[in-house]
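Enquirer: mmCIF, C-alpha atoms, pLDDT in the B column; chains and numbers go by the auth columns, saved as my_file_36.cif, coming up:
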```
data_input
#
loop_
_atom_site.group_PDB
_atom_site.id
_atom_site.type_symbol
_atom_site.label_atom_id
_atom_site.label_comp_id
_atom_site.label_asym_id
_atom_site.label_seq_id
_atom_site.Cartn_x
_atom_site.Cartn_y
_atom_site.Cartn_z
_atom_site.B_iso_or_equiv
_atom_site.auth_seq_id
_atom_site.auth_asym_id
ATOM 1 C CA MET A 1 -1.748 72.366 -2.944 51.00 1 A
ATOM 2 C CA ARG A 2 -5.461 72.756 -3.630 56.00 2 A
ATOM 3 C CA VAL A 3 -7.547 69.645 -4.177 52.00 3 A
ATOM 4 C CA THR A 4 -10.598 70.031 -6.374 58.00 4 A
ATOM 5 C CA GLY A 5 -13.950 68.420 -5.618 57.00 5 A
ATOM 6 C CA SER A 6 -13.649 66.050 -8.599 59.00 6 A
ATOM 7 C CA ALA A 7 -10.239 64.801 -7.339 58.00 7 A
ATOM 8 C CA LEU A 8 -11.660 64.110 -3.863 53.00 8 A
ATOM 9 C CA LEU A 9 -14.537 62.207 -5.417 55.00 9 A
ATOM 10 C CA ALA A 10 -12.139 60.063 -7.492 59.00 10 A
ATOM 11 C CA MET A 11 -10.013 59.235 -4.412 61.00 11 A
ATOM 12 C CA PHE A 12 -13.123 58.277 -2.426 53.00 12 A
ATOM 13 C CA ALA A 13 -14.324 55.941 -5.209 57.00 13 A
ATOM 14 C CA ALA A 14 -10.904 54.261 -5.418 54.00 14 A
ATOM 15 C CA ASN A 15 -10.941 53.589 -1.666 57.00 15 A
ATOM 16 C CA LEU A 16 -14.366 51.973 -1.951 49.00 16 A
ATOM 17 C CA VAL A 17 -13.103 49.630 -4.709 46.00 17 A
ATOM 18 C CA ILE A 18 -10.065 48.582 -2.633 47.00 18 A
ATOM 19 C CA ALA A 19 -12.242 47.920 0.420 48.00 19 A
ATOM 20 C CA ALA A 20 -14.623 45.778 -1.614 47.00 20 A
ATOM 21 C CA LEU A 21 -11.894 43.666 -3.213 45.00 21 A
ATOM 22 C CA ALA A 22 -9.735 43.036 -0.117 45.00 22 A
ATOM 23 C CA PRO A 23 -12.136 40.718 1.802 43.00 23 A
ATOM 24 C CA ALA A 24 -12.767 38.626 -1.296 40.00 24 A
ATOM 25 C CA THR A 25 -9.041 38.082 -1.866 36.00 25 A
ATOM 26 C CA LEU A 26 -8.331 37.223 1.766 35.00 26 A
ATOM 27 C CA GLY A 27 -11.301 34.900 1.913 38.00 27 A
ATOM 28 C CA GLN A 28 -9.780 32.556 -0.692 36.00 28 A
ATOM 29 C CA GLU A 29 -6.887 31.412 1.520 36.00 29 A
ATOM 30 C CA PRO A 30 -8.862 29.651 4.278 35.00 30 A
ATOM 31 C CA SER A 31 -10.971 27.897 1.648 32.00 31 A
ATOM 32 C CA SER A 32 -7.892 26.600 -0.167 32.00 32 A
ATOM 33 C CA ALA A 33 -6.201 25.510 3.056 33.00 33 A
ATOM 34 C CA ALA A 34 -9.337 23.736 4.217 34.00 34 A
ATOM 35 C CA GLY A 35 -9.441 21.820 0.946 38.00 35 A
ATOM 36 C CA ARG A 36 -5.867 20.618 1.387 40.00 36 A
ATOM 37 C CA SER A 37 -6.490 19.754 5.027 39.00 37 A
ATOM 38 C CA GLY A 38 -9.612 17.765 4.209 42.00 38 A
ATOM 39 C CA GLN A 39 -7.728 15.821 1.564 45.00 39 A
ATOM 40 C CA SER A 40 -4.888 14.880 3.909 45.00 40 A
ATOM 41 C CA GLU A 41 -7.273 13.785 6.671 50.00 41 A
ATOM 42 C CA ALA A 42 -9.420 11.513 4.536 63.00 42 A
ATOM 43 C CA SER A 43 -10.048 7.957 5.721 73.00 43 A
ATOM 44 C CA LEU A 44 -11.474 4.737 4.298 89.00 44 A
ATOM 45 C CA ALA A 45 -14.546 2.893 5.531 91.00 45 A
ATOM 46 C CA PRO A 46 -13.925 -0.279 7.591 93.00 46 A
ATOM 47 C CA GLY A 47 -13.981 -3.375 5.413 94.00 47 A
ATOM 48 C CA SER A 48 -12.570 -1.625 2.350 94.00 48 A
ATOM 49 C CA ALA A 49 -10.190 -3.969 0.519 96.00 49 A
ATOM 50 C CA ILE A 50 -6.984 -2.754 -1.132 97.00 50 A
ATOM 51 C CA LEU A 51 -4.947 -4.968 -3.468 97.00 51 A
ATOM 52 C CA ALA A 52 -1.269 -4.058 -3.380 98.00 52 A
ATOM 53 C CA GLU A 53 2.234 -5.294 -4.182 97.00 53 A
ATOM 54 C CA LEU A 54 5.552 -4.678 -2.447 98.00 54 A
ATOM 55 C CA ASN A 55 7.828 -2.314 -4.358 98.00 55 A
ATOM 56 C CA SER A 56 11.002 -4.144 -3.341 97.00 56 A
ATOM 57 C CA SER A 57 12.131 -7.184 -1.368 97.00 57 A
ATOM 58 C CA VAL A 58 12.400 -7.159 2.414 98.00 58 A
ATOM 59 C CA ASP A 59 14.211 -9.614 4.690 98.00 59 A
ATOM 60 C CA SER A 60 13.847 -9.846 8.470 97.00 60 A
ATOM 61 C CA LYS A 61 17.627 -10.437 8.677 96.00 61 A
ATOM 62 C CA LYS A 62 18.404 -7.103 7.024 97.00 62 A
ATOM 63 C CA VAL A 63 15.811 -4.698 8.462 97.00 63 A
ATOM 64 C CA LYS A 64 14.905 -3.425 11.902 97.00 64 A
ATOM 65 C CA ALA A 65 11.887 -1.952 13.639 97.00 65 A
ATOM 66 C CA GLY A 66 11.131 1.520 12.288 97.00 66 A
ATOM 67 C CA ASP A 67 12.551 0.923 8.798 98.00 67 A
ATOM 68 C CA PRO A 68 10.249 2.037 5.963 98.00 68 A
ATOM 69 C CA ILE A 69 8.369 -0.349 3.709 98.00 69 A
ATOM 70 C CA VAL A 70 6.647 0.722 0.493 98.00 70 A
ATOM 71 C CA ALA A 71 3.992 -0.885 -1.689 98.00 71 A
ATOM 72 C CA HIS A 72 1.633 0.272 -4.443 98.00 72 A
ATOM 73 C CA THR A 73 -1.974 -0.453 -5.326 98.00 73 A
ATOM 74 C CA VAL A 74 -2.590 -2.729 -8.319 96.00 74 A
ATOM 75 C CA GLU A 75 -6.295 -1.971 -8.693 95.00 75 A
ATOM 76 C CA THR A 76 -8.404 1.166 -8.337 95.00 76 A
ATOM 77 C CA LEU A 77 -10.533 1.339 -5.196 93.00 77 A
ATOM 78 C CA LYS A 78 -13.927 2.873 -5.966 89.00 78 A
ATOM 79 C CA SER A 79 -16.918 3.929 -3.890 85.00 79 A
ATOM 80 C CA THR A 80 -20.381 2.398 -4.211 80.00 80 A
ATOM 81 C CA ASP A 81 -21.358 5.233 -6.575 85.00 81 A
ATOM 82 C CA ASP A 82 -18.314 4.498 -8.799 88.00 82 A
ATOM 83 C CA ARG A 83 -16.138 7.381 -7.637 90.00 83 A
ATOM 84 C CA THR A 84 -12.388 6.725 -7.547 91.00 84 A
ATOM 85 C CA ILE A 85 -11.093 6.789 -3.973 92.00 85 A
ATOM 86 C CA VAL A 86 -7.624 5.258 -4.326 94.00 86 A
ATOM 87 C CA PRO A 87 -6.313 5.105 -7.924 95.00 87 A
ATOM 88 C CA LYS A 88 -4.275 2.213 -9.274 96.00 88 A
ATOM 89 C CA GLY A 89 -0.554 2.783 -8.732 97.00 89 A
ATOM 90 C CA THR A 90 -1.031 4.788 -5.515 97.00 90 A
ATOM 91 C CA LYS A 91 1.998 4.624 -3.220 98.00 91 A
ATOM 92 C CA ILE A 92 1.403 2.993 0.168 98.00 92 A
ATOM 93 C CA GLU A 93 3.894 3.808 2.910 98.00 93 A
ATOM 94 C CA GLY A 94 4.445 1.887 6.119 98.00 94 A
ATOM 95 C CA HIS A 95 7.134 0.699 8.506 98.00 95 A
ATOM 96 C CA ILE A 96 8.561 -2.420 10.103 98.00 96 A
ATOM 97 C CA THR A 97 7.279 -3.079 13.624 98.00 97 A
ATOM 98 C CA GLN A 98 9.549 -6.054 14.364 97.00 98 A
ATOM 99 C CA ALA A 99 12.180 -8.116 12.576 97.00 99 A
ATOM 100 C CA THR A 100 13.776 -11.310 13.875 96.00 100 A
ATOM 101 C CA ALA A 101 15.829 -14.060 12.301 95.00 101 A
ATOM 102 C CA ARG A 102 15.777 -17.630 13.574 91.00 102 A
ATOM 103 C CA GLY A 103 18.663 -18.200 15.951 85.00 103 A
ATOM 104 C CA LYS A 104 20.290 -21.423 17.048 79.00 104 A
ATOM 105 C CA GLY A 105 17.667 -23.641 18.591 75.00 105 A
ATOM 106 C CA GLY A 106 14.917 -21.258 17.452 81.00 106 A
ATOM 107 C CA GLU A 107 11.841 -22.391 15.628 87.00 107 A
ATOM 108 C CA GLU A 108 10.819 -19.380 13.566 95.00 108 A
ATOM 109 C CA SER A 109 11.603 -15.895 12.289 97.00 109 A
ATOM 110 C CA ALA A 110 9.176 -12.981 12.124 97.00 110 A
ATOM 111 C CA LEU A 111 8.551 -9.742 10.244 98.00 111 A
ATOM 112 C CA GLY A 112 6.018 -7.195 11.527 98.00 112 A
ATOM 113 C CA ILE A 113 4.481 -4.725 9.065 98.00 113 A
ATOM 114 C CA GLN A 114 2.237 -1.730 9.649 98.00 114 A
ATOM 115 C CA PHE A 115 1.008 0.423 6.778 98.00 115 A
ATOM 116 C CA ASP A 116 0.440 4.079 7.632 97.00 116 A
ATOM 117 C CA LYS A 117 -0.876 6.000 4.644 97.00 117 A
ATOM 118 C CA ALA A 118 -1.684 6.096 0.943 97.00 118 A
ATOM 119 C CA VAL A 119 0.039 8.969 -0.864 97.00 119 A
ATOM 120 C CA LEU A 120 -2.161 10.266 -3.678 94.00 120 A
ATOM 121 C CA LYS A 121 -0.530 11.312 -6.957 90.00 121 A
ATOM 122 C CA GLU A 122 -2.513 14.553 -7.176 87.00 122 A
ATOM 123 C CA GLY A 123 -1.473 15.523 -3.671 89.00 123 A
ATOM 124 C CA GLY A 124 -2.690 14.775 -0.186 90.00 124 A
ATOM 125 C CA GLU A 125 -2.791 11.439 1.591 94.00 125 A
ATOM 126 C CA ILE A 126 -5.201 8.974 3.193 95.00 126 A
ATOM 127 C CA SER A 127 -4.469 7.578 6.636 94.00 127 A
ATOM 128 C CA LEU A 128 -4.557 3.792 6.728 96.00 128 A
ATOM 129 C CA ASN A 129 -5.717 1.513 9.515 95.00 129 A
ATOM 130 C CA VAL A 130 -5.246 -1.860 7.815 97.00 130 A
ATOM 131 C CA VAL A 131 -4.078 -5.431 8.297 97.00 131 A
ATOM 132 C CA ILE A 132 -2.781 -7.860 5.691 98.00 132 A
ATOM 133 C CA GLN A 133 -5.682 -10.299 5.329 97.00 133 A
ATOM 134 C CA ALA A 134 -3.998 -12.339 2.586 97.00 134 A
ATOM 135 C CA LEU A 135 -0.464 -12.697 1.278 97.00 135 A
ATOM 136 C CA ALA A 136 0.571 -14.309 -2.025 96.00 136 A
ATOM 137 C CA ALA A 137 3.778 -14.917 -3.939 94.00 137 A
ATOM 138 C CA PRO A 138 4.729 -12.622 -6.828 92.00 138 A
ATOM 139 C CA MET A 139 3.590 -13.562 -10.304 80.00 139 A
ATOM 140 C CA THR A 140 6.299 -15.625 -11.968 69.00 140 A
ATOM 141 C CA PHE A 141 7.858 -14.835 -15.351 47.00 141 A
ATOM 142 C CA ALA A 142 6.173 -17.544 -17.410 44.00 142 A
ATOM 143 C CA ALA A 143 3.076 -18.141 -15.342 41.00 143 A
ATOM 144 C CA PRO A 144 -0.403 -16.675 -15.842 42.00 144 A
ATOM 145 C CA SER A 145 -1.793 -14.297 -13.246 43.00 145 A
ATOM 146 C CA ASP A 146 -3.185 -16.999 -10.972 42.00 146 A
ATOM 147 C CA LEU A 147 0.079 -18.826 -10.335 39.00 147 A
ATOM 148 C CA GLY A 148 2.128 -18.449 -7.186 41.00 148 A
ATOM 149 C CA THR A 149 5.596 -19.356 -5.966 42.00 149 A
ATOM 150 C CA THR A 150 7.581 -21.910 -7.957 42.00 150 A
ATOM 151 C CA PRO A 151 8.659 -24.905 -5.819 40.00 151 A
ATOM 152 C CA ARG A 152 12.359 -25.530 -5.274 39.00 152 A
ATOM 153 C CA THR A 153 12.067 -28.922 -6.984 36.00 153 A
ATOM 154 C CA GLY A 154 10.446 -28.962 -10.412 36.00 154 A
ATOM 155 C CA THR A 155 10.710 -30.142 -13.977 36.00 155 A
ATOM 156 C CA THR A 156 11.843 -28.496 -17.174 37.00 156 A
ATOM 157 C CA GLN A 157 8.279 -28.428 -18.449 39.00 157 A
ATOM 158 C CA THR A 158 7.035 -24.972 -19.331 38.00 158 A
ATOM 159 C CA SER A 159 3.471 -23.877 -18.643 36.00 159 A
ATOM 160 C CA PRO A 160 1.338 -24.236 -21.802 38.00 160 A
ATOM 161 C CA MET A 161 -0.162 -20.846 -21.032 38.00 161 A
ATOM 162 C CA SER A 162 3.173 -19.056 -20.930 39.00 162 A
ATOM 163 C CA GLY A 163 3.325 -15.993 -23.065 42.00 163 A
ATOM 164 C CA THR A 164 -0.368 -15.208 -22.757 42.00 164 A
ATOM 165 C CA ARG A 165 0.501 -12.271 -20.539 44.00 165 A
ATOM 166 C CA SER A 166 3.375 -9.822 -20.645 44.00 166 A
ATOM 167 C CA ALA A 167 6.269 -10.483 -18.302 45.00 167 A
ATOM 168 C CA PRO A 168 6.320 -8.597 -14.980 45.00 168 A
ATOM 169 C CA PRO A 169 9.328 -6.451 -14.058 45.00 169 A
ATOM 170 C CA PRO A 170 12.511 -8.148 -12.773 42.00 170 A
ATOM 171 C CA SER A 171 11.735 -6.944 -9.243 41.00 171 A
ATOM 172 C CA ALA A 172 8.778 -9.341 -9.163 39.00 172 A
ATOM 173 C CA GLN A 173 10.964 -12.412 -9.647 41.00 173 A
ATOM 174 C CA SER A 174 11.799 -14.867 -6.899 37.00 174 A
ATOM 175 C CA PRO A 175 15.589 -15.394 -6.862 38.00 175 A
ATOM 176 C CA GLN A 176 15.414 -18.048 -4.179 39.00 176 A
ATOM 177 C CA VAL A 177 13.329 -20.520 -6.137 35.00 177 A
ATOM 178 C CA GLY A 178 15.047 -20.479 -9.526 34.00 178 A
ATOM 179 C CA SER A 179 13.953 -19.511 -13.007 33.00 179 A
ATOM 180 C CA ALA A 180 10.197 -19.662 -13.499 36.00 180 A
ATOM 181 C CA PRO A 181 10.124 -20.554 -17.217 36.00 181 A
ATOM 182 C CA ASP A 182 12.031 -23.810 -16.582 36.00 182 A
ATOM 183 C CA SER A 183 10.159 -24.879 -13.473 38.00 183 A
ATOM 184 C CA GLU A 184 6.747 -26.276 -12.684 42.00 184 A
ATOM 185 C CA SER A 185 4.542 -23.732 -10.932 42.00 185 A
ATOM 186 C CA THR A 186 2.107 -24.173 -8.061 45.00 186 A
ATOM 187 C CA SER A 187 -1.388 -22.885 -8.816 49.00 187 A
ATOM 188 C CA SER A 188 -2.376 -19.880 -6.722 56.00 188 A
ATOM 189 C CA PRO A 189 -5.744 -18.116 -7.071 66.00 189 A
ATOM 190 C CA GLN A 190 -5.962 -14.408 -7.717 85.00 190 A
ATOM 191 C CA LEU A 191 -6.426 -12.385 -4.549 92.00 191 A
ATOM 192 C CA ASP A 192 -9.839 -10.874 -3.935 91.00 192 A
ATOM 193 C CA ALA A 193 -11.813 -9.501 -0.988 90.00 193 A
ATOM 194 C CA LYS A 194 -12.525 -13.036 0.290 92.00 194 A
ATOM 195 C CA SER A 195 -8.893 -14.213 0.260 95.00 195 A
ATOM 196 C CA ARG A 196 -7.338 -15.093 3.604 95.00 196 A
ATOM 197 C CA GLY A 197 -3.996 -16.304 4.887 96.00 197 A
ATOM 198 C CA VAL A 198 -0.881 -17.168 2.879 96.00 198 A
ATOM 199 C CA ILE A 199 -1.198 -18.412 -0.705 93.00 199 A
ATOM 200 C CA GLY A 200 1.572 -20.098 -2.686 89.00 200 A
ATOM 201 C CA MET A 201 4.334 -19.494 -0.112 93.00 201 A
ATOM 202 C CA ARG A 202 5.700 -22.501 1.757 91.00 202 A
ATOM 203 C CA GLY A 203 6.601 -22.335 5.431 94.00 203 A
ATOM 204 C CA ILE A 204 4.959 -18.915 5.866 96.00 204 A
ATOM 205 C CA THR A 205 2.069 -17.999 8.155 96.00 205 A
ATOM 206 C CA LEU A 206 0.288 -14.693 8.701 97.00 206 A
ATOM 207 C CA ASN A 207 -0.870 -13.247 12.002 96.00 207 A
ATOM 208 C CA ALA A 208 -2.445 -9.990 13.141 93.00 208 A
ATOM 209 C CA GLU A 209 -1.571 -8.018 16.231 92.00 209 A
ATOM 210 C CA SER A 210 -1.613 -4.476 17.584 91.00 210 A
ATOM 211 C CA ALA A 211 1.362 -2.117 17.463 93.00 211 A
ATOM 212 C CA ASN A 212 1.218 1.396 18.934 91.00 212 A
ATOM 213 C CA ASN A 213 -2.549 0.978 19.408 92.00 213 A
ATOM 214 C CA ARG A 214 -3.051 0.345 15.704 94.00 214 A
ATOM 215 C CA PRO A 215 -3.555 -2.863 13.703 94.00 215 A
ATOM 216 C CA ALA A 216 -0.412 -4.491 12.298 97.00 216 A
ATOM 217 C CA SER A 217 0.484 -7.774 10.612 98.00 217 A
ATOM 218 C CA VAL A 218 3.208 -10.308 11.407 98.00 218 A
ATOM 219 C CA VAL A 219 4.608 -12.670 8.792 98.00 219 A
ATOM 220 C CA VAL A 220 6.177 -15.757 10.391 97.00 220 A
ATOM 221 C CA SER A 221 8.524 -18.231 8.687 96.00 221 A
ATOM 222 C CA ASN A 222 10.016 -21.556 9.738 94.00 222 A
ATOM 223 C CA GLY A 223 13.135 -20.585 7.790 93.00 223 A
ATOM 224 C CA LYS A 224 16.189 -18.649 8.935 94.00 224 A
ATOM 225 C CA SER A 225 14.472 -15.381 8.074 96.00 225 A
ATOM 226 C CA VAL A 226 11.285 -13.994 6.584 97.00 226 A
ATOM 227 C CA HIS A 227 12.038 -13.021 2.994 97.00 227 A
ATOM 228 C CA LEU A 228 9.371 -11.304 0.882 97.00 228 A
ATOM 229 C CA ASP A 229 10.267 -10.625 -2.735 96.00 229 A
ATOM 230 C CA GLY A 230 9.439 -7.432 -4.551 96.00 230 A
ATOM 231 C CA GLY A 231 6.037 -7.960 -6.161 96.00 231 A
ATOM 232 C CA THR A 232 4.680 -9.987 -3.232 97.00 232 A
ATOM 233 C CA ARG A 233 0.906 -9.533 -3.408 97.00 233 A
ATOM 234 C CA MET A 234 -1.150 -8.375 -0.442 98.00 234 A
ATOM 235 C CA LEU A 235 -4.810 -7.889 0.365 98.00 235 A
ATOM 236 C CA LEU A 236 -5.084 -5.011 2.842 97.00 236 A
ATOM 237 C CA VAL A 237 -8.388 -4.664 4.674 97.00 237 A
ATOM 238 C CA VAL A 238 -9.364 -1.490 6.549 96.00 238 A
ATOM 239 C CA GLN A 239 -10.135 -1.979 10.250 95.00 239 A
ATOM 240 C CA SER A 240 -12.434 0.147 12.375 88.00 240 A
ATOM 241 C CA GLN A 241 -10.729 2.681 14.633 79.00 241 A
ATOM 242 C CA GLY A 242 -9.788 1.259 18.008 68.00 242 A
ATOM 243 C CA SER A 243 -10.541 -2.315 17.000 62.00 243 A
ATOM 244 C CA GLU A 244 -8.215 -5.171 17.869 60.00 244 A
ATOM 245 C CA PRO A 245 -7.099 -7.107 14.776 60.00 245 A
ATOM 246 C CA ALA A 246 -8.419 -10.660 14.694 56.00 246 A
ATOM 247 C CA ALA A 247 -5.770 -13.369 14.652 50.00 247 A
ATOM 248 C CA LYS A 248 -5.618 -15.363 11.438 53.00 248 A
#
```
For the file at hand, write its structure as structure tokens.

Expert:
Amino acid sequence: MRVTGSALLAMFAANLVIAALAPATLGQEPSSAAGRSGQSEASLAPGSAILAELNSSVDSKKVKAGDPIVAHTVETLKSTDDRTIVPKGTKIEGHITQATARGKGGEESALGIQFDKAVLKEGGEISLNVVIQALAAPMTFAAPSDLGTTPRTGTTQTSPMSGTRSAPPPSAQSPQVGSAPDSESTSSPQLDAKSRGVIGMRGITLNAESANNRPASVVVSNGKSVHLDGGTRMLLVVQSQGSEPAAK
């Protein structure tokens, strides 16, 4: 079959177009992959404070080392130039490092917690190197936001400020201490970056230690076990890489 000069010219032009487009198309993949990789390897500056709540209750009698623990952020973490770094409602995943119940003749029970990463809703994750700097009881049903755990012994008097805020979900209630609306509540300040230790939780102390060469936190109780209700509030503070957590 004879090929005319115009046909050869058309084929040559088509080849040039294909050669020009191919590198541009292939070049998009590394850029996209690098973006995803950069997002998953992000980290927070030491000293950054994250306010969070436990998604569900955890008991040192019922869990073991390695079991997952999940929380979520209750405030947005922003940069100094007002950019959102960790949005409100971001899932925080971690695991139990130790879990012991008080045995016969024992003096205390313990629950070790280490948070590993924040899972962003739009995709990607941020590695966490944090300790629990402060721990507070869940907000009770009838109490305003600055009230902590209801004592076991109380009166039938209801807080005069009840109803000023909407009720939190049932998971944030404390089944061990009775119904909040019919009990007197112990005042507990709102957590902020300066909060330290345990607030509004009797017989509980908070320590910091290292687990697998990373900072972790240990909640200690003088009761038979360490029981944290869903909705337990936490102030997580980012530690510098390789630093030993300071005991509280």

Enquirer: Which residues, named as in the file, does the PyMOL selection byres ((chain A and resi 58) around 6) pick out? Answer as a count of residues only.

Expert: 4

Enquirer: What do you get, as a PyMOL selection string, if you spell out every residue that the PyMOL selection byres ((chain A and resi 70) around 6) selects here?

Expert: chain A and resi 55+69+71+92-93

Enquirer: Could you write out as a ChimeraX atom specification the residues that the PyMOL selection byres ((chain A and resi 221-225) around 7) matches in the shown file?

Expert: /A:59-61,101-102,107-110,203-205,219-220,226-227

Enquirer: Expressed in Å to a single decimal, how great is the separation between CA of Asp229 (chain A) and CA of Leu120 (chain A)?

Expert: 24.3 Å

Enquirer: Compare A:Ser217, A:Gly231, A:Gln133, A:Gly200 by their minimum atom-to-atom distance to Ser48 (chain A), counting all atoms listed in the file, and give me the closest one.

Expert: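 Among the listed residues, A:Gln133 lies closest to Ser48 (chain A).
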
Enquirer: Pick out the residues sitting within 12 Å of region 214-216 of chain A, and hand them over as a PyMOL selection string; count only C-alpha atoms, and ignore anything fewer than 5 positions along from it in its own chain.

Expert: chain A and resi 94-98+111-116+127-133+206-209+236-247

Enquirer: What separation in Å, quoted to one decimal, exists between CA of His72 (chain A) and CA of Asp192 (chain A)?

Expert: 16.0 Å

Enquirer: Mind checking which residues fall within 8 Å of Leu51 (chain A), counting all atoms listed in the file, ignoring those fewer than 4 positions away in the same chain, and posting them as a list in words?

Expert: Thr73, Val74, Glu75, Leu191, Asp192, Arg233, Met234, Leu235 and Leu236 of chain A

Enquirer: Between A:Lys91, A:Ala49, A:Leu44, A:Gly105, which is the closest to Arg196 (chain A) once you count only C-alpha atoms?

Expert: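 Of all the options, A:Ala49 lies closest to Arg196 (chain A).
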
Enquirer: Let me make sure I understand: among A:Ile50, A:Ile199, A:Thr76, A:Lys194, which one has the smallest atom-to-atom distance to Met139 (chain A) if we use only C-alpha atoms?

Expert: A:Ile199

Enquirer: Using all atoms listed in the file, can you tell me which of A:Ala137, A:Thr90, A:Arg202, A:Val218 comes closest to Glu125 (chain A)?

Expert: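 Checking each candidate against Glu125 (chain A), we get A:Thr90 as the closest.
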
Enquirer: When you draw a straight line from CA of Gly230 (chain A) to CA of Asn213 (chain A), how long is it in Å?

Expert: 28.1 Å

Enquirer: Could N, CA and C atoms be built for region 188-206 of chain A and written out as a PDB file, keeping the file's coordinate frame?

Expert:
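This is the output file rebuild28.pdb:
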```pdb
ATOM      1  N   SER A 188      -2.005 -20.778  -7.807  1.00 56.00           N
ATOM      2  CA  SER A 188      -2.376 -19.880  -6.722  1.00 56.00           C
ATOM      3  C   SER A 188      -3.472 -18.955  -7.215  1.00 56.00           C
ATOM      4  N   PRO A 189      -4.640 -18.943  -6.582  1.00 66.00           N
ATOM      5  CA  PRO A 189      -5.744 -18.116  -7.071  1.00 66.00           C
ATOM      6  C   PRO A 189      -5.450 -16.626  -6.944  1.00 66.00           C
ATOM      7  N   GLN A 190      -6.082 -15.857  -7.784  1.00 85.00           N
ATOM      8  CA  GLN A 190      -5.962 -14.408  -7.717  1.00 85.00           C
ATOM      9  C   GLN A 190      -6.545 -13.917  -6.404  1.00 85.00           C
ATOM     10  N   LEU A 191      -5.910 -12.936  -5.796  1.00 92.00           N
ATOM     11  CA  LEU A 191      -6.426 -12.385  -4.549  1.00 92.00           C
ATOM     12  C   LEU A 191      -7.694 -11.577  -4.807  1.00 92.00           C
ATOM     13  N   ASP A 192      -8.654 -11.713  -3.903  1.00 91.00           N
ATOM     14  CA  ASP A 192      -9.839 -10.874  -3.935  1.00 91.00           C
ATOM     15  C   ASP A 192     -10.264 -10.594  -2.497  1.00 91.00           C
ATOM     16  N   ALA A 193     -11.386  -9.932  -2.323  1.00 90.00           N
ATOM     17  CA  ALA A 193     -11.813  -9.501  -0.988  1.00 90.00           C
ATOM     18  C   ALA A 193     -12.073 -10.663  -0.033  1.00 90.00           C
ATOM     19  N   LYS A 194     -12.254 -11.882  -0.557  1.00 92.00           N
ATOM     20  CA  LYS A 194     -12.525 -13.036   0.290  1.00 92.00           C
ATOM     21  C   LYS A 194     -11.267 -13.833   0.628  1.00 92.00           C
ATOM     22  N   SER A 195     -10.133 -13.469   0.029  1.00 95.00           N
ATOM     23  CA  SER A 195      -8.893 -14.213   0.260  1.00 95.00           C
ATOM     24  C   SER A 195      -8.421 -14.054   1.702  1.00 95.00           C
ATOM     25  N   ARG A 196      -7.854 -15.130   2.235  1.00 95.00           N
ATOM     26  CA  ARG A 196      -7.338 -15.093   3.604  1.00 95.00           C
ATOM     27  C   ARG A 196      -6.078 -15.932   3.718  1.00 95.00           C
ATOM     28  N   GLY A 197      -5.182 -15.510   4.609  1.00 96.00           N
ATOM     29  CA  GLY A 197      -3.996 -16.304   4.887  1.00 96.00           C
ATOM     30  C   GLY A 197      -2.927 -16.191   3.815  1.00 96.00           C
ATOM     31  N   VAL A 198      -2.025 -17.177   3.790  1.00 96.00           N
ATOM     32  CA  VAL A 198      -0.881 -17.168   2.879  1.00 96.00           C
ATOM     33  C   VAL A 198      -1.144 -18.118   1.718  1.00 96.00           C
ATOM     34  N   ILE A 199      -0.908 -17.643   0.496  1.00 93.00           N
ATOM     35  CA  ILE A 199      -1.198 -18.412  -0.705  1.00 93.00           C
ATOM     36  C   ILE A 199       0.073 -18.575  -1.532  1.00 93.00           C
ATOM     37  N   GLY A 200       0.441 -19.823  -1.802  1.00 89.00           N
ATOM     38  CA  GLY A 200       1.572 -20.098  -2.686  1.00 89.00           C
ATOM     39  C   GLY A 200       2.938 -19.811  -2.092  1.00 89.00           C
ATOM     40  N   MET A 201       3.056 -19.769  -0.769  1.00 93.00           N
ATOM     41  CA  MET A 201       4.334 -19.494  -0.112  1.00 93.00           C
ATOM     42  C   MET A 201       4.533 -20.530   1.001  1.00 93.00           C
ATOM     43  N   ARG A 202       5.495 -21.414   0.817  1.00 91.00           N
ATOM     44  CA  ARG A 202       5.700 -22.501   1.757  1.00 91.00           C
ATOM     45  C   ARG A 202       6.391 -22.033   3.038  1.00 91.00           C
ATOM     46  N   GLY A 203       5.965 -22.619   4.152  1.00 94.00           N
ATOM     47  CA  GLY A 203       6.601 -22.335   5.431  1.00 94.00           C
ATOM     48  C   GLY A 203       6.313 -20.962   5.995  1.00 94.00           C
ATOM     49  N   ILE A 204       5.309 -20.277   5.444  1.00 96.00           N
ATOM     50  CA  ILE A 204       4.959 -18.915   5.866  1.00 96.00           C
ATOM     51  C   ILE A 204       3.559 -18.913   6.465  1.00 96.00           C
ATOM     52  N   THR A 205       3.394 -18.218   7.574  1.00 96.00           N
ATOM     53  CA  THR A 205       2.069 -17.999   8.155  1.00 96.00           C
ATOM     54  C   THR A 205       1.878 -16.503   8.395  1.00 96.00           C
ATOM     55  N   LEU A 206       0.632 -16.103   8.559  1.00 97.00           N
ATOM     56  CA  LEU A 206       0.288 -14.693   8.701  1.00 97.00           C
ATOM     57  C   LEU A 206      -0.557 -14.488   9.939  1.00 97.00           C
TER      58      LEU A 206
END
```
